[in-house]
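Engineer: Starting off with a structure, shown below.
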Amino acid sequence: MGSNLIGRAFESFKRIGEGLRTVLMHSFREPITKTYPDTVSQIAPHFRGRLALSVNPDTGEHLCISCRQCERVCPDKCIEITAHKSPETNKLELIDFKIDHGLCMFCGLCTEVCPTTCIINTNDFEMADYTRESLVYDLRRLTLTQEESAFYFEAKDMPKPKPKPPKPAPGAAPAAGAAPAGAKAAPVGAKAAPAEGAKPAAAAADAAKPAESAKPAAAPAEAAKPAAAPLEATKPAEDAKPAEAAAKPQDSSTEPAKTVGDTTAKPEEKPTASPEVKEAEKEKAPEQGADADKKEG
Amino acid sequence: MIPNAPEIGKLLFIICFWICAIFLPVWLVSWAVGVLLPMLLEQGSPSMAMTATAETLRALTPIISVMVFIPINAMFMVLYERRALALFTVRLGPNRVGPDGLLQTAADAVKLLFKEDITPRGADAFMFTLAPIIFFAPSIFGALPLLAAITNNHSLYQITNLPTGIFYILAAASLPVVALVMAGWSSNNKYSLVGGLRAAAQAISYEIPLVLSLVTVCLMAGSLDVVKIAQQQDGGILNWNIAGGGALRGLDKAIQTKLGVETTPLITPQQSSDPTETPVAAPTTFEEVIHQYYPFEFLSYISAGVLIFCSFILLGLYLTGACAEINRIPFDLPEAESELVSGYNTEYSGIKFAIFFLAEFTNLFIVSSIATVMFLGGGDNPIPQWLLNKMPLEPIQKSLGAILSPFINGLHLIDPDTFWAAFWVIFKVYTFVFIAILIRGTLPRFRIDQLMDFGWKRLVPLSLIAFLVVVFARVLVVCHG
């Protein structure tokens with residue numbers, strides 16, 4: 001018994017010594033702490049962060065077809081889609097898309113049901129805000145730029161979407177189509193007008209313009225991104241050259257390609273000059289963070 | 001290459017910065033109160049009142065320096081502990097306030113002082129207020145006798161020296177338990193009460209091995225006077241109590257005489273420190289000295305070995321008992337956060353909580369400095385004298401002396417003996433603190449029945465056995481006492 005006790009005592013001393021040595025050796029390891037605002041750790045591409053609506057990375061057209069699958073599947077009922085059936089094309093057209101991120105639980109069900117891989121989870125997790133209302137993101141804040149969409153399409157390994165087929169009727173269709181989209185489409189249409197010259201769309205834009213200017217509250221910058229959607233829908237239809245629209249803007253010097261280039265360039269330029277600079281930066285953040293991480297790695 | 005070198009470097013920088021921040025004010029304040037003001041007062045007309053004031057100031061120096069020392073030291077130790085624990089757990093630790101988190105605890109202290117001081121409903125307000133005071137006071141007046149020991153008996157601190165120093169320190173160190181029970185009882189909180197009762201049970205159990213281990217050291221030293229115990233251990237690591245309470249002093253002396261006899265130092269110190277080889281090299285004087293210190297030849301050598309072994313056990317016993325006494329992990333049952341929501345200080349907030357915190361870390365420092373004085377030779381240089389003589393320190397010492405002589409002789413700002421003693425004490429004490437932090441980072445908390453078992457069934461018998469063994473072994477060797 002006595003020797004057993006002494007043996008056990010030495011055994012326990014040995015164990016304690018081993019423990020102390022292990023702990024001491026840990027102090028020579030590199031700390032795993034990331035000083036968060038300074039260094040953002042690499043986020044997995046399938047991280048379920050803020051929801052966003054992607055556009056076609058090649059052409060910049062909005063991918064949402066207003067099928068409302070995400071709205072239906074959402075367990076929290078935090079998605080609200082406003083769409084209407086265009087009387088001309090007889091297809092659904094998106095008017096507004098609202099996601100309440102205060103309600104959202106980031107389950108990712110909406111991204112799974114989306115038939116066009118339009119709604120995606122971005123890597124952005126920095127959504128802290130001062131009011132609950134500002135957590136409700138509308139179409140403008142949800143829509144990604146072409147570059148961001150390209151980044152996520154690549155990162156998530158999603159198949160690139162095919163460009164939308166051209167609309168059958170070029171004539172009066174775009175003008176009337178732009179009208180319901182109204183307030184959103186108008187400013188960009190107005191800006192795009194000089195570049196387009198004497199295109200039918202110019203008439204449509206002009207027609208929409210008075211209606212827009214009559215509305216005092218709508219700031220020009222507000223409509224920047226969502227405007228791309230209805231416009232792109234109309235533009236290729238004007239010349240009926242879908243193949244070139246699908247190609248890269250820089251490659252082709254044809255008319256529709258140019259217009260596409262114009263409309264997609266504008267959403268980037270506009271926010272920097274507008275009071276919405278914050279959002280623009282916010283949306284760029286995940287990319288920058290990812291870049292920084294690449295450098296670190 | 002160490003991957004964590006920058007973090008370790010930051011910790012070392014914090015330690016250096018804070019030690020300067022602690023000891024420069026203490027040094028300057030004690031110099032101003034103890035030397036400068038009395039000097040100025042006595043310079044003019046040496047009237048009776050002036051002399052009396054000067055003497056009062058001198059007498060007040062120890063307590064003033066302690067009062068300056070304690071808050072700054074507690075701030076440093078909290079930061080030291082947090083950063084070191086962060087190293088052990090592969091984290092960064094506080095690194096936002098000030099450069100590299102240097103001022104984190106200073107900010108915390110300010111925050112605590114400005115917080116609301118709440119007395120819970122149904123609490124005994126008088127006792128509730130008294131408890132932190134009683135907890136804190138012994139750590140001040142218990143530390144005072146140590147001052148003389150760790151400053152190499154500096155003339156200003158001589159008044160704090162007591163013939164029964166260690167006895168007094170132990171008496172003071174056992175007082176805080178009363179405060180813990182008071183705090184637990186007066187809080188009107190079940191958790192606090194359980195914490196206070198646990199503290200009482202634990203302190204009673206662990207005080208026995210703690211005191212017995214120190215008594216054994218006193219037995220080896222033959223004195224209760226901490227200054228005497230510290231001075232006995234002068235002259236290098238072989239004389240320290242950790243090396244058998246002076247059991248190796250004969251070896252030290254023998255080597256010294258041998259090297260003194262040999263005019264040409266042909267033999268390197270490494271060879272001569274090996275006891276098996278040296279008798280052959282130096283026949284006469286070395287053996288004579290050895291015989292003088294170890295009169296019973298083989299029996300004496302064995303008992304010297306036993307003494308060394310025992311003194312290591314004693315140090316272990318002391319550190320275990322001290323850990324329990326100051327309620328540190330793995331003995332932090334009175335304030336077990338996961339069981340008792342921080343035990344006796346659950347209901348405390350603001351400045352009272354700050355005082356509890358302050359006293360806890362001051363106690364850690366005092367416990368470490370007792371260990372330093374009793375086991376590691378106080379302010380003694382670990383390098384043996386015969387090795388020190390061989391080192392080319394002479395020119396450095398001379399040039400340093402030339403530079404510092406106006407401060408030493410004119411202003412009496414530096415006392416060379418005290419300076420080096422303080423340096424070594426600081427080094428040793430914070431090493432003990434580091435060990436305490438390492439243990440905190442390693443060991444989990446005891447269960448209460450394990451704690452009692454370990455205390456009464458293991459530590460108490462072990463300390464008694466060690467005591468008995470030392471009593472018999474020290475007869476065979478010429479020890480300090």
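Residue numbering restarts at 1 in every chain; chains get A, B, ... in the order shown in the structure tokens, and ligands count up from 1 in that same order.
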Compute the set of chain B residues within 8 Å of chain A, using only C-alpha atoms, and express it as a list in words.
Structural biologist: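 Using only C-alpha atoms, chain B residues at most 8 Å from chain A: Ile2, Pro3, Asn4, Ala5, Ile8, Leu87, Phe88, Thr89, Val90, Arg91, Leu92, Leu438, Ile439, Gly441, Thr442 and Leu443 of chain B.
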Engineer: Based on the selection just made, write N, CA, C and O atoms of those residues as a short mmCIF file (atom, residue, chain, number, x, y, z; two decimals), in the first residue's frame.
Structural biologist:
```cif
data_model
loop_
_atom_site.label_atom_id
_atom_site.label_comp_id
_atom_site.auth_asym_id
_atom_site.auth_seq_id
_atom_site.Cartn_x
_atom_site.Cartn_y
_atom_site.Cartn_z
N ILE B 2 10.95 30.61 -33.65
CA ILE B 2 9.69 30.48 -32.92
C ILE B 2 8.61 31.24 -33.67
O ILE B 2 8.77 32.43 -33.95
N PRO B 3 7.52 30.56 -34.01
CA PRO B 3 6.49 31.28 -34.77
C PRO B 3 5.79 32.36 -33.96
O PRO B 3 5.23 33.28 -34.52
N ASN B 4 5.82 32.20 -32.63
CA ASN B 4 5.09 33.15 -31.80
C ASN B 4 6.00 34.23 -31.22
O ASN B 4 5.64 34.87 -30.24
N ALA B 5 7.16 34.41 -31.83
CA ALA B 5 8.14 35.34 -31.26
C ALA B 5 7.58 36.75 -31.03
O ALA B 5 7.84 37.33 -29.97
N ILE B 8 5.53 36.81 -27.77
CA ILE B 8 6.37 36.65 -26.58
C ILE B 8 7.14 37.95 -26.34
O ILE B 8 7.28 38.41 -25.21
N LEU B 87 -1.09 33.57 -24.06
CA LEU B 87 -0.02 32.83 -24.74
C LEU B 87 -0.26 31.33 -24.61
O LEU B 87 -0.15 30.60 -25.59
N PHE B 88 -0.58 30.89 -23.39
CA PHE B 88 -0.74 29.46 -23.17
C PHE B 88 -1.93 28.90 -23.92
O PHE B 88 -1.95 27.74 -24.30
N THR B 89 -2.96 29.70 -24.09
CA THR B 89 -4.16 29.21 -24.74
C THR B 89 -4.22 29.65 -26.20
O THR B 89 -5.28 29.68 -26.80
N VAL B 90 -3.05 30.02 -26.75
CA VAL B 90 -2.92 30.34 -28.17
C VAL B 90 -3.88 31.46 -28.59
O VAL B 90 -4.54 31.38 -29.61
N ARG B 91 -3.94 32.49 -27.74
CA ARG B 91 -4.76 33.65 -28.07
C ARG B 91 -3.86 34.88 -28.09
O ARG B 91 -2.65 34.77 -27.99
N LEU B 92 -4.49 36.04 -28.19
CA LEU B 92 -3.72 37.28 -28.19
C LEU B 92 -3.78 38.01 -26.86
O LEU B 92 -2.85 38.68 -26.47
N LEU B 438 1.10 29.62 -14.90
CA LEU B 438 1.21 28.39 -15.69
C LEU B 438 0.34 27.29 -15.09
O LEU B 438 -0.35 26.57 -15.81
N ILE B 439 0.36 27.20 -13.77
CA ILE B 439 -0.47 26.19 -13.11
C ILE B 439 -1.95 26.51 -13.34
O ILE B 439 -2.75 25.63 -13.62
N GLY B 441 -3.14 27.93 -15.89
CA GLY B 441 -3.46 27.58 -17.26
C GLY B 441 -3.53 26.08 -17.50
O GLY B 441 -4.03 25.65 -18.52
N THR B 442 -3.00 25.29 -16.57
CA THR B 442 -2.92 23.85 -16.81
C THR B 442 -3.97 23.06 -16.06
O THR B 442 -4.66 22.24 -16.65
N LEU B 443 -4.07 23.28 -14.76
CA LEU B 443 -4.82 22.35 -13.93
C LEU B 443 -6.28 22.75 -13.81
O LEU B 443 -6.59 23.94 -13.68
#
```
Engineer: Which residues of range 87-128 of chain A come within 6 Å of range 136-146 of chain A, and what is each one's closest atom pair and distance in Å (one decimal), counting only C-alpha atoms, sorted by chain and residue number, as CSV?
Structural biologist:
```
residue,atom,partner,partner_atom,distance
A:Asp96,CA,A:Leu139,CA,5.5
A:Phe97,CA,A:Leu139,CA,4.8
A:Lys98,CA,A:Asp138,CA,4.5
A:Ile99,CA,A:Tyr137,CA,5.3
A:Asp100,CA,A:Val136,CA,4.1
A:His101,CA,A:Val136,CA,5.9
```
Engineer: Of the candidates A:Gly7, A:Pro75, A:Gly108, A:Pro161, which shows the shortest atom-to-atom distance to Asn121 in chain A, using only C-alpha atoms?
Structural biologist: A:Gly108
Engineer: Among range 41-184 of chain B, which ones does DSSP assign to helix (DSSP H, G or I) (computed from the backbone)? Answer as a ChimeraX atom specification.
Structural biologist: /B:41-43,48-88,99-101,104-114,125-141,144-150,158-160,165-173,176-184
Engineer: Determine the nearest neighbour of Lys10 in chain B from the options B:Leu459, B:Ile465, B:Ala86, B:Ala137, counting only C-alpha atoms.
Structural biologist: B:Ala86
Engineer: Report, in Å to a single decimal, how far apart CA of Leu476 in chain B and CA of Phe296 in chain B are.
Structural biologist: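 CA of Phe296 in chain B sits 6.7 Å away from CA of Leu476 in chain B.
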Engineer: Got a sec: who's within 12 Å of Tyr152 in chain A, counting only C-alpha atoms, leaving out chain neighbours fewer than 2 positions off, as a count of residues only?
Structural biologist: 36
Engineer: Within 8 Å of range 50-53 of chain B, counting only C-alpha atoms, which residues qualify if same-chain residues fewer than 4 places away don't, as a count of residues only?
Structural biologist: 5
Engineer: So that I can check the surroundings of Val194 in chain B, please list as number ranges by chain every protein, DNA and RNA residue that reaches within 9 Å of it, counting only C-alpha atoms and ignoring chain neighbours fewer than 4 positions away.
Structural biologist: B: 184-185, 189-190, 198-199, 334, 340, 343-344
